[in-house]
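Reading through the structure tokens given below for one structure.
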Amino acid sequence: MELDESVRIAYEAKEYSKVIILVEDNIKKTRTRLNEHTLQYYLKSLSFYGIYDKALKYLRQKASKNYRLTKDKYKNIELIKEELSKGTISESILFDYFIFLIKTGEFENAYKVLNSITKLYSKYVDNFLLVILLLRCEKIKEAQEIIESADFNGNQLLKIGVTYFTTGQYELSKEMLEKARKKRFSKHYYDTYEKIYDIIDKHQHTGKYISMNYEYFKKNHELRGGDIIFVSDVDEHYKSIDQYALNRTYMIWKIEKDIIYAFPVTTKIPKDIRRFKIFRQNYLNFDSDRVVKDDLVMINKRNVQKVQERLTEEDYMSVLGNIYSGIIVSGNNEKKQEINLFMKEIYDSFHIENNSIIVAYDRKTKKAKNYLVVDDDEDYIYGVEVFVERNKCSPLNYKIIKIAKKEELLRVNSSIKLPEKNLNEIELYVKPKVKKK
């Protein structure tokens, strides 16, 4: 029996999963295009299960195109515009155009393209797919009018709820997930329902951040230090030394105009190196603990795809301090030079004054020690070692130690103060003995 007839019989028998299997097996084996009747059965079967991504994938590949898509979403828009300017138009070109306009956050232009699609190719866009596409381009009110008038099944309502979730409409997402649950949906969606409902619930009770695609993130947020991002490209040097450069996330250190300076994030925690650990239980979007590597990477802001997580200020500062101190302790001058921009800026942020408590690395004992600053010059700090317990400290002795600022200083411990009695003793007996060389 030929494919077209088999698909028709399965569809009329309401065996929608069989229709999908028959069509997709045929596409894999023959890579021939579906005839219009078979395509309609396939799209309607996908819609029944709330599957829209496969429908979009097929429609974007349905007609031949004279351009080759790249990883650069902005370049893709220019390629498509050039094709359209020649008078070339098809459902595949318009769906490509819609998708990349969404990815760049051009929602109004995407909506205009969607209107063209529904006028020219309405047979490919049922109410369910139309609602999804309307939500993707931020036309919530228009989508809701269709939802209220259409009789969507549980699968479709669940996927609409997921789309609300991905676009940052969390209250509407919960409402739609509840409607989907009451109408009932396929068993394989149970985990999706529970996961999303649980994330929204935790977000509403704790205020913790929910992962978002950048096009929706930037509507209400600005990127900042401590954001963990997925990207489509990074600088050429880092790509040459890390085979996973485009498959990992990055923690933003700072942003200057359109350039992001960031550090790679990994779930592979080294046992031989002390890294500050970002614990998954403190965040909504991590499935395992993470650490941040000490390679400084440059990323163009246009290549940000998703903001996975936003670190707390405490964790962010701890990561930066850990990277800085790790380089100092290692004594790796080559690495220090590679990320000199970072090392210099962190060092310049230290405010060293007399009576400050600092932490420095003693290379003889290979230990980090606390010192009270009694004096300093351009290259060195002069201090006495102190014993620290919680927020209290006291001098271990009054021997003056010479500390190289840029080779041994790890951080300034501003939360700890030496008692007034000890300060008076140092002022009287220690400071007069300081001899700079």
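In the structure tokens, each chain is lettered A, B, ... as it comes, each chain's residues begin at 1, and ligands are numbered from 1 in order of appearance.
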Would you pick out the contacts of Ser186 in chain A at 8 Å or less, using only C-alpha atoms, so that residues sharing its chain but fewer than 6 positions from it are not included, and give the list as a PyMOL selection string? chain A and resi 49+154-155
Resulting file, chosen residues, N, CA and C atoms, as a short mmCIF file (atom, residue, chain, number, x, y, z; two decimals), in the first residue's frame:
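Saved the output as result19.cif:
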data_model
loop_
_atom_site.label_atom_id
_atom_site.label_comp_id
_atom_site.auth_asym_id
_atom_site.auth_seq_id
_atom_site.Cartn_x
_atom_site.Cartn_y
_atom_site.Cartn_z
N TYR A 49 -1.41 16.34 18.89
CA TYR A 49 -0.52 16.05 20.02
C TYR A 49 0.19 17.31 20.54
N GLY A 154 -6.25 18.71 25.53
CA GLY A 154 -5.29 18.86 26.62
C GLY A 154 -3.85 18.99 26.15
N ASN A 155 -3.48 18.24 25.10
CA ASN A 155 -2.12 18.33 24.57
C ASN A 155 -1.82 19.74 24.06
#
Show which residues sit within 8 Å of range 291-307 of chain A, as JSON, numbers by chain. Count only C-alpha atoms, and ignore same-chain residues fewer than 2 positions away. {"A": [72, 211, 212, 213, 214, 215, 217, 227, 228, 229, 230, 231, 232, 233, 234, 235, 238, 251, 258, 259, 260, 261, 262, 263, 264, 265, 266, 267, 268, 269, 275, 276, 277, 278, 289, 309, 310, 319, 323, 338, 339, 342]}
Give me, as number ranges by chain, all polymer residues having an atom no more than 8 Å from range 29-42 of chain A, counting only C-alpha atoms and skipping those fewer than 5 positions away in the same chain. A: 4, 7-8, 11, 19-20, 23, 62, 123-124
Kindly export the residues of the current selection with N, CA, C and O atoms, as a PDB file, in the first residue's frame.
ATOM      1  N   ASP A   4       0.590   7.494   0.720  1.00  0.00           N
ATOM      2  CA  ASP A   4      -0.546   8.416   0.768  1.00  0.00           C
ATOM      3  C   ASP A   4      -1.813   7.714   1.223  1.00  0.00           C
ATOM      4  O   ASP A   4      -2.582   8.244   2.030  1.00  0.00           O
ATOM      5  N   VAL A   7      -1.536   6.679   4.980  1.00  0.00           N
ATOM      6  CA  VAL A   7      -1.702   7.847   5.846  1.00  0.00           C
ATOM      7  C   VAL A   7      -3.170   8.249   5.921  1.00  0.00           C
ATOM      8  O   VAL A   7      -3.703   8.556   7.002  1.00  0.00           O
ATOM      9  N   ARG A   8      -3.843   8.246   4.782  1.00  0.00           N
ATOM     10  CA  ARG A   8      -5.267   8.622   4.762  1.00  0.00           C
ATOM     11  C   ARG A   8      -6.089   7.692   5.641  1.00  0.00           C
ATOM     12  O   ARG A   8      -6.919   8.147   6.446  1.00  0.00           O
ATOM     13  N   TYR A  11      -5.352   8.317   9.324  1.00  0.00           N
ATOM     14  CA  TYR A  11      -5.921   9.583   9.783  1.00  0.00           C
ATOM     15  C   TYR A  11      -7.427   9.465   9.991  1.00  0.00           C
ATOM     16  O   TYR A  11      -7.961   9.925  11.019  1.00  0.00           O
ATOM     17  N   VAL A  19      -0.018   8.086  11.835  1.00  0.00           N
ATOM     18  CA  VAL A  19       0.207   9.011  10.723  1.00  0.00           C
ATOM     19  C   VAL A  19       1.604   9.630  10.846  1.00  0.00           C
ATOM     20  O   VAL A  19       2.375   9.680   9.875  1.00  0.00           O
ATOM     21  N   ILE A  20       1.936  10.086  12.038  1.00  0.00           N
ATOM     22  CA  ILE A  20       3.237  10.731  12.272  1.00  0.00           C
ATOM     23  C   ILE A  20       4.383   9.767  12.004  1.00  0.00           C
ATOM     24  O   ILE A  20       5.368  10.108  11.328  1.00  0.00           O
ATOM     25  N   VAL A  23       4.736   8.992   8.144  1.00  0.00           N
ATOM     26  CA  VAL A  23       5.296  10.121   7.394  1.00  0.00           C
ATOM     27  C   VAL A  23       6.775  10.308   7.711  1.00  0.00           C
ATOM     28  O   VAL A  23       7.608  10.453   6.807  1.00  0.00           O
ATOM     29  N   LYS A  62      10.236  22.781   3.194  1.00  0.00           N
ATOM     30  CA  LYS A  62       9.327  22.313   2.139  1.00  0.00           C
ATOM     31  C   LYS A  62       9.751  22.786   0.749  1.00  0.00           C
ATOM     32  O   LYS A  62       9.738  22.023  -0.221  1.00  0.00           O
ATOM     33  N   LYS A 123      -3.658  27.202   4.801  1.00  0.00           N
ATOM     34  CA  LYS A 123      -3.924  25.758   4.938  1.00  0.00           C
ATOM     35  C   LYS A 123      -2.876  25.061   5.820  1.00  0.00           C
ATOM     36  O   LYS A 123      -3.099  23.948   6.295  1.00  0.00           O
ATOM     37  N   TYR A 124      -1.723  25.714   6.025  1.00  0.00           N
ATOM     38  CA  TYR A 124      -0.679  25.115   6.848  1.00  0.00           C
ATOM     39  C   TYR A 124      -0.735  25.595   8.296  1.00  0.00           C
ATOM     40  O   TYR A 124       0.010  25.101   9.144  1.00  0.00           O
TER      41      TYR A 124
END
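With only C-alpha atoms as the atoms that count, the minimum distance from Ser356 in chain A to the choices A:Ser149, A:Ser414, A:Asn397, A:Ser92 is reached by A:Ser414.
Computed from the coordinates, the CA of Val131 in chain A to CA of Ile199 in chain A distance equals 23.4 Å.
Using only C-alpha atoms, the contacts of Phe387 in chain A at a cut-off of 8 Å, with sequence neighbours closer than 4 positions omitted, comprise Asn370, Cys393, Ser394, Pro395 and Leu396 of chain A.
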Next, the residues of the selection above should be written as a PDB file, in the first residue's frame with N, CA and C atoms.
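This went into selection_32.pdb:
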ATOM      1  N   ASN A 370      46.393  35.843  57.173  1.00  0.00           N
ATOM      2  CA  ASN A 370      45.800  37.161  57.413  1.00  0.00           C
ATOM      3  C   ASN A 370      46.840  38.109  58.005  1.00  0.00           C
ATOM      4  N   CYS A 393      39.765  39.198  65.451  1.00  0.00           N
ATOM      5  CA  CYS A 393      41.158  38.854  65.168  1.00  0.00           C
ATOM      6  C   CYS A 393      42.077  39.445  66.228  1.00  0.00           C
ATOM      7  N   SER A 394      43.281  38.891  66.297  1.00  0.00           N
ATOM      8  CA  SER A 394      44.282  39.380  67.242  1.00  0.00           C
ATOM      9  C   SER A 394      45.659  39.081  66.662  1.00  0.00           C
ATOM     10  N   PRO A 395      46.683  39.882  67.002  1.00  0.00           N
ATOM     11  CA  PRO A 395      48.034  39.658  66.439  1.00  0.00           C
ATOM     12  C   PRO A 395      48.625  38.337  66.933  1.00  0.00           C
ATOM     13  N   LEU A 396      49.257  37.597  66.004  1.00  0.00           N
ATOM     14  CA  LEU A 396      49.991  36.394  66.405  1.00  0.00           C
ATOM     15  C   LEU A 396      51.339  36.795  66.997  1.00  0.00           C
TER      16      LEU A 396
END
DSSP on the backbone: what in range 72-290 of chain A comes out strand (DSSP E), as a PyMOL selection string? chain A and resi 212-213+227-231+249-256+259-266
Please produce an output containing C-alpha atoms for each residue in the selection, written as a PDB file, in the first residue's frame.
ATOM      1  CA  MET A 212      14.769  32.622  29.337  1.00  0.00           C
ATOM      2  CA  ASN A 213      15.709  32.979  25.679  1.00  0.00           C
ATOM      3  CA  ASP A 227      24.558  36.163  34.360  1.00  0.00           C
ATOM      4  CA  ILE A 228      25.120  32.674  32.922  1.00  0.00           C
ATOM      5  CA  ILE A 229      24.547  32.669  29.171  1.00  0.00           C
ATOM      6  CA  PHE A 230      24.380  30.348  26.161  1.00  0.00           C
ATOM      7  CA  VAL A 231      25.894  31.840  23.005  1.00  0.00           C
ATOM      8  CA  THR A 249      27.687  28.348  29.120  1.00  0.00           C
ATOM      9  CA  TYR A 250      29.615  31.449  30.184  1.00  0.00           C
ATOM     10  CA  MET A 251      29.496  33.652  33.266  1.00  0.00           C
ATOM     11  CA  ILE A 252      29.537  37.340  32.383  1.00  0.00           C
ATOM     12  CA  TRP A 253      32.287  39.308  34.125  1.00  0.00           C
ATOM     13  CA  LYS A 254      31.580  42.700  32.571  1.00  0.00           C
ATOM     14  CA  ILE A 255      30.128  44.346  29.457  1.00  0.00           C
ATOM     15  CA  GLU A 256      31.640  47.201  27.449  1.00  0.00           C
ATOM     16  CA  ILE A 259      31.408  43.231  23.916  1.00  0.00           C
ATOM     17  CA  ILE A 260      30.896  40.808  26.800  1.00  0.00           C
ATOM     18  CA  TYR A 261      33.886  39.610  28.815  1.00  0.00           C
ATOM     19  CA  ALA A 262      33.075  36.244  30.340  1.00  0.00           C
ATOM     20  CA  PHE A 263      34.474  33.068  31.856  1.00  0.00           C
ATOM     21  CA  PRO A 264      33.523  29.508  30.790  1.00  0.00           C
ATOM     22  CA  VAL A 265      31.308  27.486  33.122  1.00  0.00           C
ATOM     23  CA  THR A 266      31.699  23.728  33.548  1.00  0.00           C
TER      24      THR A 266
END
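Nearest to Ser90 in chain A of all the residues A:Arg184, A:Arg60, A:Lys141, A:His205 is A:Arg60, counting only C-alpha atoms.
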Hey, what does DSSP flag as helix (DSSP H, G or I) within range 3-166 of chain A? Can you give it to me as a PyMOL selection string? chain A and resi 3-12+16-30+36-48+53-61+73-85+91-103+107-120+122-124+127-136+140-149+154-166
